[in-house]
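Structure data follow from input_34.tsv (TSV, C-alpha atoms):
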chain	number	residue	atom	x	y	z
A	891	TYR	CA	-13.79	-87.78	-36.60
A	892	LEU	CA	-14.72	-87.73	-32.92
A	893	LEU	CA	-13.09	-91.15	-32.34
A	894	SER	CA	-9.77	-89.86	-33.74
A	895	GLY	CA	-9.31	-87.58	-30.74
A	896	GLN	CA	-8.82	-84.43	-32.84
A	897	THR	CA	-9.69	-81.07	-31.30
A	898	VAL	CA	-13.18	-79.79	-32.01
A	899	GLN	CA	-12.71	-76.14	-32.95
A	900	ASN	CA	-15.06	-73.73	-31.19
A	901	ARG	CA	-17.16	-76.73	-30.16
A	902	ASN	CA	-18.49	-76.99	-33.70
A	903	ILE	CA	-18.07	-80.37	-35.42
A	904	PHE	CA	-19.17	-79.07	-38.82
A	905	TYR	CA	-16.43	-76.44	-39.14
A	906	SER	CA	-13.85	-78.75	-37.54
A	907	LEU	CA	-14.19	-81.01	-40.60
A	908	VAL	CA	-12.40	-78.32	-42.64
A	909	PRO	CA	-8.67	-77.52	-42.37
A	910	GLU	CA	-8.11	-74.30	-40.44
A	911	ASN	CA	-6.79	-72.44	-43.51
A	912	PHE	CA	-10.04	-73.14	-45.37
A	913	LEU	CA	-12.37	-72.22	-42.50
A	914	TRP	CA	-13.31	-68.73	-43.70
A	915	PRO	CA	-13.76	-69.77	-47.36
A	916	MET	CA	-16.05	-72.55	-46.12
A	917	ILE	CA	-18.05	-70.07	-44.02
A	918	LEU	CA	-18.39	-67.85	-47.10
A	919	LEU	CA	-19.45	-70.81	-49.25
A	920	SER	CA	-22.03	-71.97	-46.72
A	921	THR	CA	-23.40	-68.42	-46.52
A	922	PHE	CA	-23.86	-68.32	-50.30
A	923	ALA	CA	-25.52	-71.75	-50.18
A	924	THR	CA	-27.91	-70.50	-47.50
A	925	VAL	CA	-28.84	-67.44	-49.57
A	926	ILE	CA	-29.44	-69.60	-52.68
A	927	ALA	CA	-31.59	-72.03	-50.70
A	928	SER	CA	-33.64	-69.21	-49.18
A	929	GLN	CA	-34.20	-67.65	-52.61
A	930	ALA	CA	-35.40	-71.01	-53.93
A	931	LEU	CA	-37.86	-71.26	-51.04
A	932	ILE	CA	-39.12	-67.71	-51.53
A	933	SER	CA	-39.60	-67.97	-55.30
A	934	GLY	CA	-41.17	-71.41	-54.88
A	935	ALA	CA	-43.67	-70.07	-52.35
A	936	PHE	CA	-44.58	-67.17	-54.67
A	937	THR	CA	-45.04	-69.51	-57.63
A	938	LEU	CA	-47.16	-72.05	-55.76
A	939	LEU	CA	-49.42	-69.34	-54.35
A	940	SER	CA	-49.89	-67.53	-57.68
A	941	GLN	CA	-50.64	-70.84	-59.44
A	942	SER	CA	-53.15	-71.74	-56.71
A	943	ILE	CA	-54.88	-68.40	-57.22
A	944	GLY	CA	-54.92	-68.99	-60.98
A	945	LEU	CA	-56.48	-72.44	-60.49
A	946	GLY	CA	-59.16	-70.94	-58.27
A	947	ILE	CA	-58.25	-72.93	-55.15
A	948	PHE	CA	-56.90	-70.05	-53.05
A	949	PRO	CA	-58.34	-66.60	-52.26
A	950	ARG	CA	-57.26	-63.86	-54.65
A	951	LEU	CA	-54.21	-61.89	-53.58
A	952	LYS	CA	-52.10	-59.20	-55.21
A	953	VAL	CA	-49.59	-60.86	-57.57
A	954	ILE	CA	-46.91	-58.68	-59.19
A	955	GLN	CA	-45.17	-59.86	-62.36
A	956	THR	CA	-41.43	-59.10	-62.17
A	957	HIS	CA	-40.30	-60.07	-65.68
A	958	HIS	CA	-41.87	-59.21	-69.02
A	959	GLU	CA	-40.85	-62.50	-70.70
A	960	HIS	CA	-41.58	-65.07	-67.99
A	961	SER	CA	-45.06	-65.25	-66.47
A	962	GLY	CA	-43.76	-67.53	-63.69
A	963	GLN	CA	-41.56	-64.82	-62.14
A	964	THR	CA	-43.89	-63.28	-59.60
A	965	TYR	CA	-43.87	-61.40	-56.32
A	966	VAL	CA	-46.66	-61.87	-53.77
A	967	PRO	CA	-46.48	-59.23	-50.99
A	968	PHE	CA	-48.78	-61.20	-48.66
A	969	MET	CA	-46.65	-64.36	-48.86
A	970	ASN	CA	-43.48	-62.30	-48.45
A	971	PHE	CA	-44.87	-60.91	-45.19
A	972	LEU	CA	-45.86	-64.41	-44.01
A	973	LEU	CA	-42.33	-65.69	-44.66
A	974	TYR	CA	-40.88	-62.75	-42.74
A	975	LEU	CA	-43.28	-63.28	-39.84
A	976	GLY	CA	-42.62	-67.03	-39.77
A	977	THR	CA	-38.86	-66.47	-39.74
A	978	VAL	CA	-39.05	-64.05	-36.81
A	979	VAL	CA	-41.42	-66.26	-34.80
A	980	LEU	CA	-39.35	-69.42	-35.32
A	981	THR	CA	-36.13	-67.60	-34.44
A	982	ILE	CA	-37.61	-66.30	-31.20
A	983	GLN	CA	-39.26	-69.59	-30.27
A	984	PHE	CA	-36.39	-72.01	-31.00
A	985	GLY	CA	-33.39	-69.75	-30.51
A	986	SER	CA	-30.89	-71.95	-32.40
A	987	SER	CA	-30.76	-74.10	-35.50
A	988	THR	CA	-30.00	-77.18	-33.39
A	989	ARG	CA	-33.46	-77.03	-31.82
A	990	LEU	CA	-35.00	-76.86	-35.30
A	991	ALA	CA	-33.95	-80.43	-36.14
A	992	SER	CA	-37.38	-81.96	-35.42
A	993	PHE	CA	-39.16	-79.19	-37.31
A	994	TYR	CA	-36.91	-79.44	-40.36
A	995	GLY	CA	-36.72	-83.25	-40.43
A	996	PHE	CA	-40.48	-83.74	-40.23
A	997	SER	CA	-41.06	-81.07	-42.91
A	998	MET	CA	-38.61	-82.63	-45.38
A	999	LEU	CA	-39.89	-86.19	-44.85
A	1000	SER	CA	-43.48	-85.02	-45.25
A	1001	VAL	CA	-42.62	-83.30	-48.56
A	1002	MET	CA	-40.85	-86.44	-49.79
A	1003	PHE	CA	-43.81	-88.66	-48.91
A	1004	ILE	CA	-46.37	-86.29	-50.48
A	1005	THR	CA	-44.20	-86.09	-53.62
A	1006	THR	CA	-44.17	-89.90	-53.86
A	1007	LEU	CA	-47.97	-90.05	-53.57
A	1008	THR	CA	-48.23	-87.35	-56.24
A	1009	MET	CA	-45.93	-89.31	-58.55
A	1010	MET	CA	-48.23	-92.34	-58.22
A	1011	PHE	CA	-51.05	-90.15	-59.51
A	1012	ILE	CA	-48.87	-88.68	-62.29
A	1013	GLY	CA	-47.71	-92.16	-63.33
A	1014	GLY	CA	-51.27	-93.30	-63.90
A	1015	ASN	CA	-52.83	-90.11	-65.31
A	1016	VAL	CA	-49.98	-88.37	-67.14
A	1017	LEU	CA	-47.49	-91.11	-68.06
A	1018	GLN	CA	-50.36	-93.53	-68.76
A	1019	TRP	CA	-48.88	-96.26	-66.62
A	1020	SER	CA	-51.05	-98.99	-65.20
A	1021	LEU	CA	-52.04	-98.60	-61.55
A	1022	LYS	CA	-50.05	-101.71	-60.67
A	1023	LYS	CA	-46.88	-100.42	-62.32
A	1024	SER	CA	-47.19	-96.95	-60.80
A	1025	VAL	CA	-47.79	-98.25	-57.27
A	1026	LEU	CA	-45.06	-100.89	-57.57
A	1027	ILE	CA	-42.38	-98.38	-58.60
A	1028	PHE	CA	-43.15	-95.61	-56.13
A	1029	SER	CA	-44.18	-97.79	-53.19
A	1030	ILE	CA	-40.48	-98.70	-52.83
A	1031	PHE	CA	-39.75	-95.08	-51.95
A	1032	ALA	CA	-42.93	-94.77	-49.90
A	1033	VAL	CA	-41.97	-97.65	-47.57
A	1034	PHE	CA	-38.73	-95.94	-46.52
A	1035	GLU	CA	-40.35	-92.52	-46.27
A	1036	ILE	CA	-43.23	-93.78	-44.11
A	1037	SER	CA	-40.80	-95.50	-41.73
A	1038	PHE	CA	-38.71	-92.34	-41.38
A	1039	LEU	CA	-41.84	-90.20	-41.05
A	1040	LEU	CA	-43.25	-92.40	-38.28
A	1041	SER	CA	-39.98	-92.21	-36.39
A	1042	LYS	CA	-39.99	-88.40	-36.70
A	1043	SER	CA	-43.60	-88.17	-35.57
A	1044	MET	CA	-42.40	-89.06	-32.08
A	1045	SER	CA	-40.96	-85.54	-31.93
A	1046	PHE	CA	-44.36	-83.95	-32.50
A	1047	PHE	CA	-44.22	-81.61	-29.51
A	1048	SER	CA	-40.56	-80.78	-30.15
A	1049	GLY	CA	-41.42	-78.82	-33.29
A	1050	ALA	CA	-43.10	-81.17	-35.75
A	1051	TYR	CA	-46.48	-79.68	-34.84
A	1052	ILE	CA	-45.55	-76.39	-36.57
A	1053	PRO	CA	-45.39	-77.62	-40.21
A	1054	LEU	CA	-48.47	-79.75	-39.55
A	1055	SER	CA	-50.37	-76.74	-38.23
A	1056	VAL	CA	-49.29	-74.48	-41.09
A	1057	GLY	CA	-50.20	-77.16	-43.63
A	1058	PHE	CA	-53.59	-77.72	-41.99
A	1059	ILE	CA	-54.36	-73.97	-42.04
A	1060	PHE	CA	-53.48	-73.58	-45.73
A	1061	PHE	CA	-55.33	-76.78	-46.64
A	1062	SER	CA	-58.44	-75.60	-44.75
A	1063	VAL	CA	-58.38	-72.19	-46.45
A	1064	MET	CA	-58.06	-73.83	-49.87
A	1065	ARG	CA	-60.87	-76.33	-49.22
A	1066	ILE	CA	-63.22	-73.65	-47.88
A	1067	TRP	CA	-62.45	-71.32	-50.80
A	1068	ARG	CA	-62.99	-74.14	-53.29
A	1069	TRP	CA	-66.26	-75.11	-51.62
A	1070	GLY	CA	-67.42	-71.49	-51.67
A	1071	ARG	CA	-66.63	-71.08	-55.38
A	1072	LYS	CA	-68.45	-74.30	-56.27
A	1073	THR	CA	-71.47	-73.33	-54.18
A	1074	THR	CA	-71.59	-69.87	-55.74
A	1075	TYR	CA	-71.23	-71.34	-59.25
A	1076	LYS	CA	-74.06	-73.81	-58.63
A	1077	SER	CA	-76.36	-71.07	-57.38
A	1078	TYR	CA	-75.64	-68.96	-60.47
A	1079	THR	CA	-76.02	-71.83	-62.95
A	1080	ALA	CA	-79.27	-72.90	-61.27
A	1081	GLN	CA	-80.71	-69.48	-62.08
A	1082	SER	CA	-82.84	-69.57	-65.23
A	1083	THR	CA	-81.93	-66.73	-67.57
A	1084	ILE	CA	-83.43	-65.35	-70.75
A	1085	LYS	CA	-81.66	-65.20	-74.10
A	1086	VAL	CA	-80.08	-62.06	-75.51
A	1087	LYS	CA	-82.82	-61.79	-78.16
A	1088	GLU	CA	-85.44	-61.80	-75.39
A	1089	LEU	CA	-83.46	-59.10	-73.60
A	1090	ILE	CA	-83.54	-57.01	-76.78
A	1091	GLU	CA	-87.32	-57.41	-77.06
A	1092	LEU	CA	-87.65	-56.46	-73.40
A	1093	LYS	CA	-85.56	-53.38	-74.10
A	1094	LYS	CA	-87.69	-52.38	-77.10
A	1095	GLN	CA	-90.98	-52.80	-75.25
A	1096	SER	CA	-89.92	-51.09	-72.01
A	1097	THR	CA	-91.67	-47.80	-71.32
A	1098	THR	CA	-89.44	-46.87	-68.37
A	1099	GLN	CA	-85.75	-47.32	-67.80
A	1100	LEU	CA	-82.94	-46.27	-65.48
A	1101	ASP	CA	-81.23	-43.23	-66.95
A	1102	ARG	CA	-77.75	-44.55	-66.30
A	1103	ASN	CA	-75.05	-46.86	-67.64
A	1104	VAL	CA	-74.52	-50.22	-65.95
A	1105	VAL	CA	-71.45	-52.39	-66.54
A	1106	PHE	CA	-71.69	-56.11	-65.71
A	1107	MET	CA	-68.53	-58.22	-65.43
A	1108	VAL	CA	-69.40	-61.57	-67.03
A	1109	PRO	CA	-67.57	-64.93	-66.82
A	1110	LYS	CA	-68.12	-66.01	-70.42
A	1111	PRO	CA	-68.40	-64.30	-73.80
A	1112	ILE	CA	-71.77	-63.20	-75.15
A	1113	GLN	CA	-71.39	-63.62	-78.92
A	1114	SER	CA	-74.87	-64.07	-80.38
A	1115	GLU	CA	-78.50	-63.35	-79.70
A	1116	GLU	CA	-79.05	-67.04	-78.94
A	1117	ASP	CA	-76.73	-66.92	-75.92
A	1118	ASN	CA	-78.27	-66.76	-72.47
A	1119	ILE	CA	-77.57	-63.60	-70.53
A	1120	PRO	CA	-75.38	-63.93	-67.40
A	1121	ALA	CA	-77.13	-64.67	-64.12
A	1122	LEU	CA	-76.00	-61.31	-62.69
A	1123	VAL	CA	-77.90	-59.44	-65.42
A	1124	GLN	CA	-80.97	-61.57	-64.72
A	1125	PHE	CA	-80.71	-60.79	-61.01
A	1126	PHE	CA	-80.61	-57.08	-61.86
A	1127	ILE	CA	-83.74	-57.33	-64.03
A	1128	ASN	CA	-85.62	-59.34	-61.41
A	1129	ARG	CA	-84.74	-56.90	-58.65
A	1130	TYR	CA	-85.31	-53.55	-60.37
A	1131	GLN	CA	-87.97	-54.71	-62.86
A	1132	THR	CA	-86.43	-52.43	-65.47
A	1133	LEU	CA	-83.31	-52.01	-67.60
A	1134	PRO	CA	-80.60	-49.34	-67.62
A	1135	LYS	CA	-80.35	-47.08	-70.64
A	1136	ASN	CA	-77.00	-48.52	-71.64
A	1137	LEU	CA	-76.19	-52.08	-70.60
A	1138	PHE	CA	-72.63	-53.41	-71.03
A	1139	MET	CA	-71.58	-57.04	-70.50
A	1140	VAL	CA	-67.80	-57.04	-70.12
A	1141	GLU	CA	-65.61	-60.13	-70.26
A	1142	VAL	CA	-61.94	-59.83	-69.20
A	1143	ILE	CA	-59.43	-62.29	-70.66
A	1144	HIS	CA	-55.90	-62.81	-69.33
A	1145	ARG	CA	-53.52	-63.92	-72.09
A	1146	THR	CA	-50.21	-65.79	-71.72
A	1147	VAL	CA	-48.28	-63.02	-73.48
A	1148	PRO	CA	-46.67	-60.18	-71.47
A	1149	PHE	CA	-48.43	-57.26	-73.21
A	1150	ILE	CA	-51.36	-56.72	-75.55
A	1151	HIS	CA	-50.41	-54.04	-78.07
A	1152	THR	CA	-53.19	-54.40	-80.65
A	1153	HIS	CA	-56.83	-55.49	-80.63
A	1154	ARG	CA	-57.10	-55.20	-76.86
A	1155	SER	CA	-60.81	-54.45	-76.88
A	1156	HIS	CA	-63.65	-55.66	-79.04
A	1157	SER	CA	-67.29	-54.64	-78.79
A	1158	LEU	CA	-70.40	-56.26	-80.21
A	1159	THR	CA	-73.56	-54.14	-80.29
A	1160	PHE	CA	-76.79	-56.15	-80.07
A	1161	TYR	CA	-79.12	-53.18	-79.87
A	1162	LYS	CA	-78.77	-49.43	-80.24
A	1163	SER	CA	-81.34	-46.66	-80.18
A	1164	GLU	CA	-81.06	-42.93	-79.56
A	1165	THR	CA	-84.02	-43.01	-77.19
A	1166	GLN	CA	-83.87	-46.53	-75.73
A	1167	GLY	CA	-80.11	-46.79	-75.31
A	1168	SER	CA	-77.99	-49.84	-76.11
A	1169	ILE	CA	-77.05	-53.43	-75.23
A	1170	VAL	CA	-73.38	-54.15	-75.85
A	1171	SER	CA	-71.03	-57.08	-75.24
A	1172	VAL	CA	-67.38	-56.13	-74.69
A	1173	LYS	CA	-64.27	-58.34	-74.62
A	1174	ILE	CA	-61.07	-56.90	-73.10
A	1175	GLN	CA	-57.69	-58.64	-73.13
A	1176	PHE	CA	-54.69	-58.12	-70.85
A	1177	GLY	CA	-51.18	-59.60	-70.82
A	1178	PHE	CA	-49.71	-61.18	-67.71
A	1179	MET	CA	-47.37	-58.21	-67.16
A	1180	GLU	CA	-50.20	-55.68	-67.24
A	1181	GLU	CA	-52.28	-54.37	-64.39
A	1182	PRO	CA	-55.87	-54.91	-65.60
A	1183	ASN	CA	-57.57	-51.53	-65.99
A	1184	VAL	CA	-61.10	-52.12	-67.25
A	1185	GLU	CA	-62.16	-48.49	-66.82
A	1186	LYS	CA	-59.35	-47.26	-69.07
A	1187	ALA	CA	-60.20	-49.84	-71.74
A	1188	LEU	CA	-63.88	-48.83	-71.69
A	1189	GLU	CA	-62.88	-45.17	-71.83
A	1190	HIS	CA	-60.80	-45.92	-74.94
A	1191	LEU	CA	-63.79	-47.58	-76.62
A	1192	ALA	CA	-66.00	-44.62	-75.69
A	1193	LYS	CA	-63.55	-42.08	-77.13
A	1194	HIS	CA	-63.59	-43.97	-80.43
A	1195	HIS	CA	-67.41	-44.07	-80.32
A	1196	GLU	CA	-67.53	-47.85	-80.27
A	1197	ILE	CA	-69.76	-47.80	-77.19
A	1198	GLU	CA	-72.17	-45.19	-75.84
A	1199	LEU	CA	-70.43	-44.54	-72.55
A	1200	PRO	CA	-69.60	-41.08	-71.12
A	1201	THR	CA	-65.84	-40.47	-70.97
A	1202	ASP	CA	-66.20	-38.48	-67.77
A	1203	PRO	CA	-64.71	-40.61	-64.91

Would you mind giving the structure from this file in structure tokens?
Amino acid sequence: YLLSGQTVQNRNIFYSLVPENFLWPMILLSTFATVIASQALISGAFTLLSQSIGLGIFPRLKVIQTHHEHSGQTYVPFMNFLLYLGTVVLTIQFGSSTRLASFYGFSMLSVMFITTLTMMFIGGNVLQWSLKKSVLIFSIFAVFEISFLLSKSMSFFSGAYIPLSVGFIFFSVMRIWRWGRKTTYKSYTAQSTIKVKELIELKKQSTTQLDRNVVFMVPKPIQSEEDNIPALVQFFINRYQTLPKNLFMVEVIHRTVPFIHTHRSHSLTFYKSETQGSIVSVKIQFGFMEEPNVEKALEHLAKHHEIELPTDP
């Protein structure tokens, strides 16, 4: 186009490729394309973050479900603010889209290369391909992507450092959070705990008790007297050397349906006495569209006299 000697309109090669009569329709079309691309980025960021939280590899944030039929349609206020902040900072720092070339090019090539590495893993573990076959197929793409990525790495200080820095920060947060969860889990599982039947005997034989109700959130269901009590309950016993009058072990389950209309709560009473109180295991279910409200669910059980818990907030 430049070699033909044609006039470059408004010093913009891109719009000069279009006949003058179609200039405004092309501007409108490119605007729509930009909006669609930005929406894809935003929804993709929300989905990735909410899935990371669900997998336990990212700190818990507020996730709002926006559709009652599709659990994948989410809104994450924190990520929305980060996208807004990033957009403002990049606009101020670079000033024009032309100066974003290094930033954008390095980001896209990095994503392509990471996707290729991921496909090697998927080929062997999901598609059941042999390691040789998986590497042979995807290494063809990897060779080109590595060469392009190396060439773009020369523009590190021109903008490529930004996606690398953002990626490093997110990766560090995820690794630290994962390490913390594993460490916490190991410390809890290392704690020796008594069985529910031993807890009942302890309750029967106790001469003193705390005249209050204590609710413990537990990570797994307590279904029989042969189950071990959660570590948190054991910590409570070891610290206070006594039991509360009414002890509730509550497990919260998040289902893959939008709403739970029936059989939301289920209680299992292991021990009940007018003078000594009770030991109860409670299971509460919530759909992905619901805001979990454990207090309201327990209040409902108390009103129907399924558990001995005061209905006063």

### Task
Work out how far CA of Val966 in chain A is from CA of Val953 in chain A, in Å to one decimal.
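One can read the CA of Val953 in chain A to CA of Val966 in chain A distance as 4.9 Å.
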
Using all atoms listed in the file - which residues lie no farther than 12 Å from the point (-38.3, -68.7, -37.3) in the file's frame? Write them as a PDB file with C-alpha atoms, in the coordinates of the input.
ATOM      1  CA  LEU A 972     -45.860 -64.410 -44.010  1.00  0.00           C
ATOM      2  CA  LEU A 973     -42.330 -65.690 -44.660  1.00  0.00           C
ATOM      3  CA  TYR A 974     -40.880 -62.750 -42.740  1.00  0.00           C
ATOM      4  CA  LEU A 975     -43.280 -63.280 -39.840  1.00  0.00           C
ATOM      5  CA  GLY A 976     -42.620 -67.030 -39.770  1.00  0.00           C
ATOM      6  CA  THR A 977     -38.860 -66.470 -39.740  1.00  0.00           C
ATOM      7  CA  VAL A 978     -39.050 -64.050 -36.810  1.00  0.00           C
ATOM      8  CA  VAL A 979     -41.420 -66.260 -34.800  1.00  0.00           C
ATOM      9  CA  LEU A 980     -39.350 -69.420 -35.320  1.00  0.00           C
ATOM     10  CA  THR A 981     -36.130 -67.600 -34.440  1.00  0.00           C
ATOM     11  CA  ILE A 982     -37.610 -66.300 -31.200  1.00  0.00           C
ATOM     12  CA  GLN A 983     -39.260 -69.590 -30.270  1.00  0.00           C
ATOM     13  CA  PHE A 984     -36.390 -72.010 -31.000  1.00  0.00           C
ATOM     14  CA  GLY A 985     -33.390 -69.750 -30.510  1.00  0.00           C
ATOM     15  CA  SER A 986     -30.890 -71.950 -32.400  1.00  0.00           C
ATOM     16  CA  SER A 987     -30.760 -74.100 -35.500  1.00  0.00           C
ATOM     17  CA  ARG A 989     -33.460 -77.030 -31.820  1.00  0.00           C
ATOM     18  CA  LEU A 990     -35.000 -76.860 -35.300  1.00  0.00           C
ATOM     19  CA  PHE A 993     -39.160 -79.190 -37.310  1.00  0.00           C
ATOM     20  CA  TYR A 994     -36.910 -79.440 -40.360  1.00  0.00           C
ATOM     21  CA  GLY A1049     -41.420 -78.820 -33.290  1.00  0.00           C
ATOM     22  CA  ILE A1052     -45.550 -76.390 -36.570  1.00  0.00           C
ATOM     23  CA  PRO A1053     -45.390 -77.620 -40.210  1.00  0.00           C
TER      24      PRO A1053
END

### Query
Expressed in Å to a single decimal, how great is the separation between CA of Val1056 in chain A and CA of Thr1008 in chain A?
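So the two atoms, CA of Val1056 in chain A and CA of Thr1008 in chain A, lie 19.9 Å apart.
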
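Residues surrounding Pro1148 in chain A within 10 Å are A:Gln955, A:His957, A:His958, A:Glu959, A:His960, A:Ser961, A:His1144, A:Phe1176, A:Gly1177, A:Phe1178, A:Met1179, A:Glu1180 [all atoms listed in the file; sequence separation below 4 positions excluded].
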
What does the file look like for those residues with C-alpha atoms, as a PDB file, keeping the file's coordinate frame?
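Output saved as again-v1.pdb:
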ATOM      1  CA  GLN A 955     -45.170 -59.860 -62.360  1.00  0.00           C
ATOM      2  CA  HIS A 957     -40.300 -60.070 -65.680  1.00  0.00           C
ATOM      3  CA  HIS A 958     -41.870 -59.210 -69.020  1.00  0.00           C
ATOM      4  CA  GLU A 959     -40.850 -62.500 -70.700  1.00  0.00           C
ATOM      5  CA  HIS A 960     -41.580 -65.070 -67.990  1.00  0.00           C
ATOM      6  CA  SER A 961     -45.060 -65.250 -66.470  1.00  0.00           C
ATOM      7  CA  HIS A1144     -55.900 -62.810 -69.330  1.00  0.00           C
ATOM      8  CA  PHE A1176     -54.690 -58.120 -70.850  1.00  0.00           C
ATOM      9  CA  GLY A1177     -51.180 -59.600 -70.820  1.00  0.00           C
ATOM     10  CA  PHE A1178     -49.710 -61.180 -67.710  1.00  0.00           C
ATOM     11  CA  MET A1179     -47.370 -58.210 -67.160  1.00  0.00           C
ATOM     12  CA  GLU A1180     -50.200 -55.680 -67.240  1.00  0.00           C
TER      13      GLU A1180
END

### Message
When you look at Ser1096 in chain A with a cut-off of 12 Å (counting all atoms listed in the file), what residues show up, excluding the ones that are within fewer than 6 positions of it in the same chain? I need them as a list in words.
### Response
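That gives Leu1089, Ile1090, Ile1127, Gln1131, Thr1132, Leu1133, Pro1134, Lys1135, Thr1165, Gln1166 and Gly1167 of chain A.
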
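Counting from CA of Gly1013 in chain A, the distance to CA of Ile1027 in chain A is 9.5 Å.
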
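Among A:Ala923, A:Leu1188, A:Val1086, A:Leu1199, the residue with the shortest atom-to-atom distance to Arg1102 in chain A, counting only C-alpha atoms, is A:Leu1199.
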